[in-house]
file model_17.txt (compact mmCIF, C-alpha atoms)
# COMPACT_ATOMS: atom_id res chain seq x y z
CA LEU A 1 -9.57 16.41 29.35
CA MET A 2 -12.76 14.39 28.77
CA ILE A 3 -11.11 12.53 25.88
CA MET A 4 -8.15 11.67 28.09
CA ASN A 5 -10.51 10.41 30.80
CA VAL A 6 -12.33 8.13 28.33
CA ILE A 7 -9.06 6.80 26.92
CA SER A 8 -7.54 6.13 30.33
CA GLU A 9 -10.76 4.49 31.58
CA ILE A 10 -10.92 2.10 28.58
CA GLN A 11 -7.25 1.24 29.02
CA ARG A 12 -7.82 0.59 32.74
CA ILE A 13 -10.77 -1.71 32.06
CA ASN A 14 -8.85 -3.60 29.36
CA ALA A 15 -5.88 -4.10 31.69
CA LEU A 16 -8.22 -5.35 34.44
CA GLU A 17 -9.94 -7.81 32.07
CA LEU A 18 -6.59 -9.04 30.83
CA SER A 19 -5.34 -9.66 34.38
CA ARG A 20 -8.51 -11.59 35.22
CA GLY A 21 -8.63 -13.55 31.99
CA LEU A 22 -11.94 -12.06 30.88
CA THR A 23 -10.83 -11.04 27.42
CA HIS A 24 -12.99 -12.50 24.62
CA THR A 25 -15.46 -13.97 27.10
CA PRO A 26 -19.13 -13.12 27.76
CA ALA A 27 -17.96 -11.28 30.88
CA SER A 28 -16.00 -8.74 28.83
CA TRP A 29 -17.34 -5.20 28.73
CA HIS A 30 -17.34 -5.41 24.90
CA THR A 31 -20.16 -7.98 25.03
CA LYS A 32 -22.67 -5.22 25.74
CA TYR A 33 -22.04 -3.85 22.24
CA ALA A 34 -21.89 -7.17 20.40
CA SER A 35 -25.00 -6.36 18.37
CA SER A 36 -23.67 -2.99 17.13
CA ALA A 37 -21.02 -2.64 14.44
CA TRP A 38 -20.67 1.12 14.92
CA ILE A 39 -17.86 2.98 16.68
CA ASN A 40 -17.34 6.64 17.48
CA VAL A 41 -13.96 8.23 16.82
CA GLY A 42 -12.97 11.54 18.40
CA GLY A 43 -9.81 13.62 18.38
CA LEU A 44 -9.32 13.38 14.63
CA PRO A 45 -7.02 15.99 13.08
CA LEU A 46 -9.20 18.51 11.26
CA ASN A 47 -7.34 18.13 7.94
CA LEU A 48 -8.15 14.42 7.60
CA THR A 49 -10.69 13.36 4.99
CA GLU A 50 -13.05 10.40 4.81
CA GLY A 51 -10.43 8.53 2.80
CA ASP A 52 -7.81 9.10 5.51
CA VAL A 53 -10.18 7.77 8.17
CA LEU A 54 -10.85 4.67 6.04
CA CYS A 55 -7.12 4.07 5.61
CA ILE A 56 -6.53 4.19 9.37
CA PHE A 57 -9.45 2.07 10.53
CA SER A 58 -9.74 -0.45 7.69
CA GLN A 59 -6.70 -2.32 9.06
CA TYR A 60 -9.03 -3.94 11.62
CA GLY A 61 -11.85 -4.95 9.30
CA GLU A 62 -13.96 -4.22 6.24
CA ILE A 63 -15.74 -0.88 6.63
CA ASP A 64 -19.35 -0.62 5.50
CA ASP A 65 -19.93 3.06 6.17
CA VAL A 66 -18.21 6.19 7.43
CA HIS A 67 -19.66 9.52 8.50
CA LEU A 68 -17.09 12.23 9.12
CA VAL A 69 -19.10 14.98 10.78
CA ARG A 70 -18.62 18.33 9.06
CA ASP A 71 -19.75 21.87 9.71
CA GLY A 72 -22.98 22.59 7.85
CA ASP A 73 -21.85 26.04 6.66
CA THR A 74 -18.13 25.67 5.94
CA GLY A 75 -17.95 21.92 5.26
CA LYS A 76 -14.87 21.63 7.48
CA SER A 77 -14.37 18.57 9.63
CA ARG A 78 -15.42 18.84 13.26
CA GLY A 79 -12.86 16.25 14.36
CA PHE A 80 -15.06 13.22 15.01
CA ALA A 81 -16.64 10.47 12.95
CA PHE A 82 -18.87 7.40 13.06
CA ILE A 83 -17.66 4.20 11.43
CA LYS A 84 -19.57 0.98 10.73
CA TYR A 85 -17.71 -2.28 10.26
CA GLU A 86 -18.98 -5.29 8.36
CA ASP A 87 -18.28 -7.44 11.43
CA ALA A 88 -18.99 -6.17 14.96
CA ARG A 89 -15.88 -7.97 16.22
CA SER A 90 -13.80 -5.45 14.27
CA CYS A 91 -15.12 -2.78 16.63
CA VAL A 92 -13.44 -4.56 19.56
CA LEU A 93 -10.10 -4.56 17.74
CA ALA A 94 -10.41 -0.89 16.79
CA VAL A 95 -11.41 0.22 20.29
CA ASP A 96 -8.63 -1.76 22.00
CA ASN A 97 -5.84 -0.99 19.52
CA LEU A 98 -6.53 2.48 18.15
CA GLY A 99 -7.91 4.13 21.28
CA GLY A 100 -5.19 6.44 22.63
CA SER A 101 -3.05 6.22 19.50
CA SER A 102 -1.54 9.43 18.15
CA VAL A 103 -2.30 10.75 14.66
CA LEU A 104 -0.60 13.99 13.57
CA GLY A 105 -0.03 14.94 17.19
CA ARG A 106 -3.61 14.29 18.36
CA GLN A 107 -4.80 11.37 20.46
CA LEU A 108 -7.71 9.36 19.13
CA ARG A 109 -10.66 8.45 21.29
CA VAL A 110 -12.34 5.28 20.01
CA ASP A 111 -15.43 3.86 21.68
CA HIS A 112 -18.43 1.66 20.92
CA VAL A 113 -21.79 3.05 19.82
CA GLU A 114 -24.60 0.96 21.30
CA ARG A 115 -27.32 2.45 19.09
CA TYR A 116 -26.37 4.60 16.17
CA ARG A 117 -28.83 7.36 15.40
CA LEU A 118 -29.10 8.95 12.01
CA PRO A 119 -28.01 12.61 11.78
CA LYS A 120 -30.83 15.10 12.20
CA HIS A 121 -30.59 16.43 8.66
CA VAL A 122 -30.74 12.88 7.28
CA ILE A 123 -33.87 12.12 9.33
CA GLU A 124 -35.53 15.31 8.12
CA ARG A 125 -34.60 14.56 4.52
CA GLU A 126 -35.92 11.01 4.75
CA GLU A 127 -39.14 12.22 6.33
CA LYS A 128 -39.71 14.74 3.53
CA GLU A 129 -39.00 12.14 0.87
CA ALA A 130 -41.30 9.62 2.56
CA ALA A 131 -44.07 12.21 2.89
CA ALA A 132 -43.71 13.27 -0.73
CA GLY A 133 -43.81 9.65 -1.84
CA ALA A 134 -46.92 8.94 0.20
CA LEU A 135 -48.65 12.07 -1.16
CA GLU A 136 -47.86 11.10 -4.73
CA LYS A 137 -49.11 7.57 -4.13
CA ASN A 138 -52.37 8.87 -2.68
CA SER A 139 -52.89 11.33 -5.53
CA ASN A 140 -52.47 8.48 -8.01
CA GLY A 141 -54.86 6.32 -6.03
CA ASP A 142 -52.26 3.61 -5.62
CA GLY A 143 -52.42 3.28 -1.86
CA ASP A 144 -54.15 4.10 1.36
CA GLY A 145 -51.60 6.52 2.78
CA GLY A 146 -49.65 3.78 4.53
CA ASP A 147 -46.90 4.75 6.94
CA GLY A 148 -44.96 6.96 4.56
CA SER A 149 -44.36 9.48 7.35
CA ALA A 150 -42.67 6.93 9.60
CA LYS A 151 -39.20 7.95 10.77
CA PRO A 152 -36.39 6.01 9.18
CA ASN A 153 -34.32 4.00 11.66
CA VAL A 154 -31.94 2.13 9.38
CA ALA A 155 -28.66 3.66 8.25
CA VAL A 156 -27.96 2.86 4.61
CA ALA A 157 -24.32 2.89 3.53
CA GLY A 158 -23.35 6.39 2.45
CA HIS A 159 -26.42 7.92 4.10
CA ALA A 160 -24.54 10.99 5.37
CA TYR A 161 -23.52 11.98 1.84
CA LYS A 162 -26.70 11.23 -0.06
CA GLY A 163 -27.59 14.05 -2.45
CA GLN A 164 -24.26 15.80 -1.89
CA GLU A 165 -21.63 16.53 -4.48
CA LEU A 166 -18.59 14.39 -3.74
CA ALA A 167 -14.98 15.25 -4.48
CA SER A 168 -14.64 12.19 -6.72
CA GLU A 169 -16.80 9.71 -8.61
CA TYR A 170 -16.24 6.97 -6.00
CA ASP A 171 -18.53 6.19 -3.08
CA ILE A 172 -18.92 3.63 -0.32
CA HIS A 173 -20.44 1.11 -2.76
CA ALA A 174 -17.73 1.32 -5.43
CA GLY A 175 -14.20 2.01 -4.26
CA GLN A 176 -11.16 2.95 -6.25
CA ASP A 177 -8.62 0.42 -7.51
CA LEU A 178 -5.48 1.83 -5.93
CA PHE A 179 -3.19 -0.31 -8.10
CA ALA A 180 -4.61 0.64 -11.50
CA ALA A 181 -3.67 3.95 -13.09
CA PRO A 182 -6.46 5.89 -14.80
CA LYS A 183 -7.12 4.70 -18.32
CA ARG A 184 -6.45 8.08 -19.87
CA ARG A 185 -3.10 8.28 -18.17
CA ASN A 186 -2.21 4.80 -19.41
CA GLU A 187 -3.08 5.82 -22.96
CA ASP A 188 -1.02 9.01 -22.66
CA ASN A 189 1.90 7.06 -21.27
CA HIS A 190 1.59 4.52 -24.08
CA GLN A 191 1.52 7.29 -26.68
CA ARG A 192 4.48 9.02 -25.09
CA GLY A 193 6.30 5.70 -24.99
CA GLU A 194 5.69 5.18 -28.71
CA GLU A 195 6.83 8.71 -29.49
CA ALA A 196 9.93 8.22 -27.38
CA TYR A 197 10.63 4.91 -29.12
CA ASP A 198 10.25 6.55 -32.53
CA GLY A 199 12.50 9.38 -31.44
CA MET A 200 15.11 6.93 -30.19
CA ALA A 201 14.93 5.02 -33.47
CA ILE A 202 15.48 8.23 -35.44
CA VAL A 203 18.40 9.18 -33.20
CA MET A 204 19.91 5.71 -33.60
CA ASP A 205 19.52 5.90 -37.39
CA ASN A 206 21.14 9.33 -37.45
CA SER A 207 23.99 8.16 -35.26
CA LYS A 208 24.57 5.15 -37.54
CA ALA A 209 24.66 7.40 -40.60
CA GLU A 210 27.07 9.77 -38.88
CA ARG A 211 29.36 6.92 -37.84
CA LYS A 212 29.35 5.56 -41.40
CA LYS A 213 30.12 9.00 -42.79
CA ARG A 214 33.01 9.52 -40.36
CA LYS A 215 34.37 6.08 -41.24
CA GLU A 216 34.30 6.89 -44.95
CA GLU A 217 36.02 10.23 -44.32
CA ARG A 218 38.79 8.54 -42.35
CA ALA A 219 39.26 5.96 -45.12
CA GLN A 220 39.45 8.74 -47.72
CA LYS A 221 42.07 10.57 -45.67
CA ARG A 222 44.11 7.38 -45.38
CA ARG A 223 43.95 6.88 -49.16
CA GLU A 224 45.00 10.48 -49.80
CA LYS A 225 47.87 10.18 -47.36
CA GLU A 226 49.00 6.92 -48.94
CA GLU A 227 48.86 8.48 -52.41
CA HIS A 228 50.88 11.49 -51.23
CA ARG A 229 53.53 9.23 -49.71
CA ARG A 230 53.72 7.13 -52.90
CA ARG A 231 54.20 10.20 -55.11
CA LYS A 232 56.87 11.54 -52.79
CA GLU A 233 58.81 8.28 -52.95
CA GLU A 234 58.45 8.18 -56.73
CA ARG A 235 59.88 11.70 -57.07
CA LYS A 236 62.75 10.76 -54.79
CA ARG A 237 63.61 7.70 -56.88
CA LYS A 238 63.53 9.73 -60.10
CA LYS A 239 65.83 12.30 -58.58
CA GLN A 240 68.30 9.67 -57.42
CA GLY A 241 68.25 8.03 -60.88
CA THR A 242 69.03 11.34 -62.60
CA SER A 243 71.95 12.12 -60.31
CA SER A 244 73.51 8.67 -60.84
CA HIS A 245 73.42 9.03 -64.67
CA SER A 246 75.06 12.44 -64.56
CA GLY A 247 77.86 11.05 -62.34
CA LYS A 248 78.63 8.28 -64.86
CA ASP A 249 78.85 10.77 -67.71
CA ASP A 250 81.31 12.94 -65.77
CA SER A 251 83.62 9.99 -65.07
CA LYS A 252 83.64 9.05 -68.79
CA ARG A 253 84.57 12.58 -69.77
CA ARG A 254 87.43 12.64 -67.26
CA ARG A 255 88.84 9.32 -68.55
CA ARG A 256 88.71 10.56 -72.15
CA SER A 257 90.54 13.77 -71.26
CA ARG A 258 93.30 11.85 -69.50
CA SER A 259 93.74 9.43 -72.41
CA ARG A 260 94.15 12.35 -74.83
CA SER A 261 96.78 13.96 -72.65
CA TYR A 262 98.83 10.73 -72.59
CA SER A 263 98.72 10.30 -76.34
CA LYS A 264 100.22 13.73 -76.84
call {"tool": "encode", "arguments": {"input": "model_17.txt", "output": "C-alpha cells"}}
result
Amino acid sequence: LMIMNVISEIQRINALELSRGLTHTPASWHTKYASSAWINVGGLPLNLTEGDVLCIFSQYGEIDDVHLVRDGDTGKSRGFAFIKYEDARSCVLAVDNLGGSSVLGRQLRVDHVERYRLPKHVIEREEKEAAAGALEKNSNGDGDGGDGSAKPNVAVAGHAYKGQELASEYDIHAGQDLFAAPKRRNEDNHQRGEEAYDGMAIVMDNSKAERKKRKEERAQKRREKEEHRRRKEERKRKKQGTSSHSGKDDSKRRRRSRSRSYSK
C-alpha cells in the first residue's frame, strides 16, 4: 500500500508540473535532488539479480554503481536496490518513466535519494580497515595517528560487494562484452568446424569413389550385354547359313534322280 501511495503521488506531481509547464525548470520537484545521482528502487521481483537490474535501468543512462540489498544470512534479494547514475539527469528519467512500471507482475517504486548513506556493514568494515591502517602506520613510526578512524562518507563503485565472492569474474569497473563469445568456446567451435570440414571432405571423396565405381560397373554390364548380343547374332547367322546349304544339296539330288528316271 505504501509503494502504491508513493507511485501515485509521484505521478500526481508529474501531471501537475506538466499541466503548469514546470517540467525541466528550476521549479520542478526534481531540482531538489539535482546534486544526487542516486535513486532507490523498490518492488523488485526477488529472483532478479544485479545484472537484471542493470539491464532495466541502464536504458536511461550509464550506471556507475548498483547495490541490490540482500539478506545477510541467506544472500537472497530483499526486493529493493540503490542505483547510481553517471549523470544525475538520468535519475529524473528513471523516476518519471520507470516508476509504476510492471516487472514480472510487480510494480516498481522509483524515487530519488537525496543523500546516499553507505550500508552499515560497509561503514564498519571501512572503519576497521582505517583503524588497522592507522595502527600499522603508528607502529612503523610513519605518522602521527592522523584521522584513520574517521568514518568514510564516499561510496566507491562496487562498495557493497567489496571482499565478497562474486558469481563471475566481472565487476562494476570491467563489464562483459555481450557480443563476443568466450575465447575457449571460439576455439572449440573452430576445432569442431575443422573436424566437420575434414569429415565432409572424406565423405565427398568416398562418394566420388563410389560414383566412379558404379559408373565402371554399369559400363562393364553394357559391354557384357553387347558381347552376349553379338554372339547370339553370330550363332543365328551360322545356323541360317547351314540350313541354306543343306537345302541346295537336296534340290540337286532331286534333279539328278529325275534325270535318271527320264533316261531309262
call {"tool": "atom_distance", "arguments": {"input": "model_17.txt", "atom1": "CA of Gly100 in chain A", "atom2": "CA of Ser36 in chain A"}}
result
21.5 Å
call {"tool": "residues_around", "arguments": {"input": "model_17.txt", "residues": "Asn14 in chain A", "least_positions_apart": "2", "cutoff": "9 Å", "atoms": "only C-alpha atoms", "output": "number ranges by chain"}}
result
A: 9-12, 16-19, 23, 28-29, 96
call {"tool": "atom_distance", "arguments": {"input": "model_17.txt", "atom1": "CA of Asn47 in chain A", "atom2": "CA of Lys76 in chain A"}}
result
8.3 Å
call {"tool": "closest_residue", "arguments": {"input": "model_17.txt", "among": "A:Tyr85, A:His67, A:Glu227, A:Ser35", "to": "Gly158 in chain A", "atoms": "only C-alpha atoms"}}
result
A:His67
call {"tool": "atom_distance", "arguments": {"input": "model_17.txt", "atom1": "CA of Leu98 in chain A", "atom2": "CA of Glu86 in chain A"}}
result
17.6 Å
call {"tool": "closest_residue", "arguments": {"input": "model_17.txt", "among": "A:Asn5, A:Glu127, A:Ala160, A:Ile39", "to": "Val69 in chain A", "atoms": "all atoms listed in the file"}}
result
A:Ala160
call {"tool": "build_atoms", "arguments": {"input": "model_17.txt", "residues": "range 2-20 of chain A", "atoms": "N, CA, C and O atoms", "output": "tab-separated table (two decimals), in the coordinates of the input"}}
result
chain	number	residue	atom	x	y	z
A	2	MET	N	-11.77	15.45	28.82
A	2	MET	CA	-12.76	14.39	28.77
A	2	MET	C	-12.28	13.23	27.90
A	2	MET	O	-12.47	12.06	28.24
A	3	ILE	N	-11.63	13.58	26.76
A	3	ILE	CA	-11.11	12.53	25.88
A	3	ILE	C	-10.06	11.71	26.61
A	3	ILE	O	-10.05	10.48	26.54
A	4	MET	N	-9.19	12.38	27.35
A	4	MET	CA	-8.15	11.67	28.09
A	4	MET	C	-8.76	10.76	29.14
A	4	MET	O	-8.28	9.64	29.37
A	5	ASN	N	-9.84	11.22	29.78
A	5	ASN	CA	-10.51	10.41	30.80
A	5	ASN	C	-11.10	9.14	30.18
A	5	ASN	O	-11.00	8.05	30.75
A	6	VAL	N	-11.75	9.28	29.01
A	6	VAL	CA	-12.33	8.13	28.33
A	6	VAL	C	-11.25	7.15	27.92
A	6	VAL	O	-11.38	5.92	28.11
A	7	ILE	N	-10.16	7.66	27.36
A	7	ILE	CA	-9.06	6.80	26.92
A	7	ILE	C	-8.46	6.05	28.09
A	7	ILE	O	-8.27	4.82	28.04
A	8	SER	N	-8.16	6.76	29.17
A	8	SER	CA	-7.54	6.13	30.33
A	8	SER	C	-8.48	5.13	30.98
A	8	SER	O	-8.04	4.07	31.48
A	9	GLU	N	-9.79	5.41	30.97
A	9	GLU	CA	-10.76	4.49	31.58
A	9	GLU	C	-10.85	3.19	30.76
A	9	GLU	O	-10.88	2.09	31.33
A	10	ILE	N	-10.89	3.30	29.43
A	10	ILE	CA	-10.92	2.10	28.58
A	10	ILE	C	-9.65	1.29	28.76
A	10	ILE	O	-9.70	0.05	28.87
A	11	GLN	N	-8.52	1.95	28.83
A	11	GLN	CA	-7.25	1.24	29.02
A	11	GLN	C	-7.22	0.56	30.39
A	11	GLN	O	-6.69	-0.56	30.51
A	12	ARG	N	-7.78	1.20	31.41
A	12	ARG	CA	-7.82	0.59	32.74
A	12	ARG	C	-8.69	-0.66	32.75
A	12	ARG	O	-8.31	-1.70	33.30
A	13	ILE	N	-9.86	-0.56	32.10
A	13	ILE	CA	-10.77	-1.71	32.06
A	13	ILE	C	-10.14	-2.86	31.28
A	13	ILE	O	-10.24	-4.03	31.69
A	14	ASN	N	-9.49	-2.55	30.16
A	14	ASN	CA	-8.85	-3.60	29.36
A	14	ASN	C	-7.74	-4.29	30.15
A	14	ASN	O	-7.59	-5.52	30.08
A	15	ALA	N	-6.96	-3.51	30.89
A	15	ALA	CA	-5.88	-4.10	31.69
A	15	ALA	C	-6.46	-4.99	32.79
A	15	ALA	O	-5.91	-6.07	33.07
A	16	LEU	N	-7.58	-4.56	33.38
A	16	LEU	CA	-8.22	-5.35	34.44
A	16	LEU	C	-8.77	-6.66	33.88
A	16	LEU	O	-8.60	-7.73	34.49
A	17	GLU	N	-9.41	-6.59	32.69
A	17	GLU	CA	-9.94	-7.81	32.07
A	17	GLU	C	-8.81	-8.77	31.71
A	17	GLU	O	-8.93	-9.99	31.87
A	18	LEU	N	-7.71	-8.21	31.22
A	18	LEU	CA	-6.59	-9.04	30.83
A	18	LEU	C	-5.99	-9.75	32.04
A	18	LEU	O	-5.64	-10.94	31.97
A	19	SER	N	-5.91	-9.05	33.16
A	19	SER	CA	-5.34	-9.66	34.38
A	19	SER	C	-6.25	-10.74	34.94
A	19	SER	O	-5.78	-11.69	35.56
A	20	ARG	N	-7.55	-10.62	34.70
A	20	ARG	CA	-8.51	-11.59	35.22
A	20	ARG	C	-8.89	-12.65	34.20
A	20	ARG	O	-9.72	-13.53	34.50
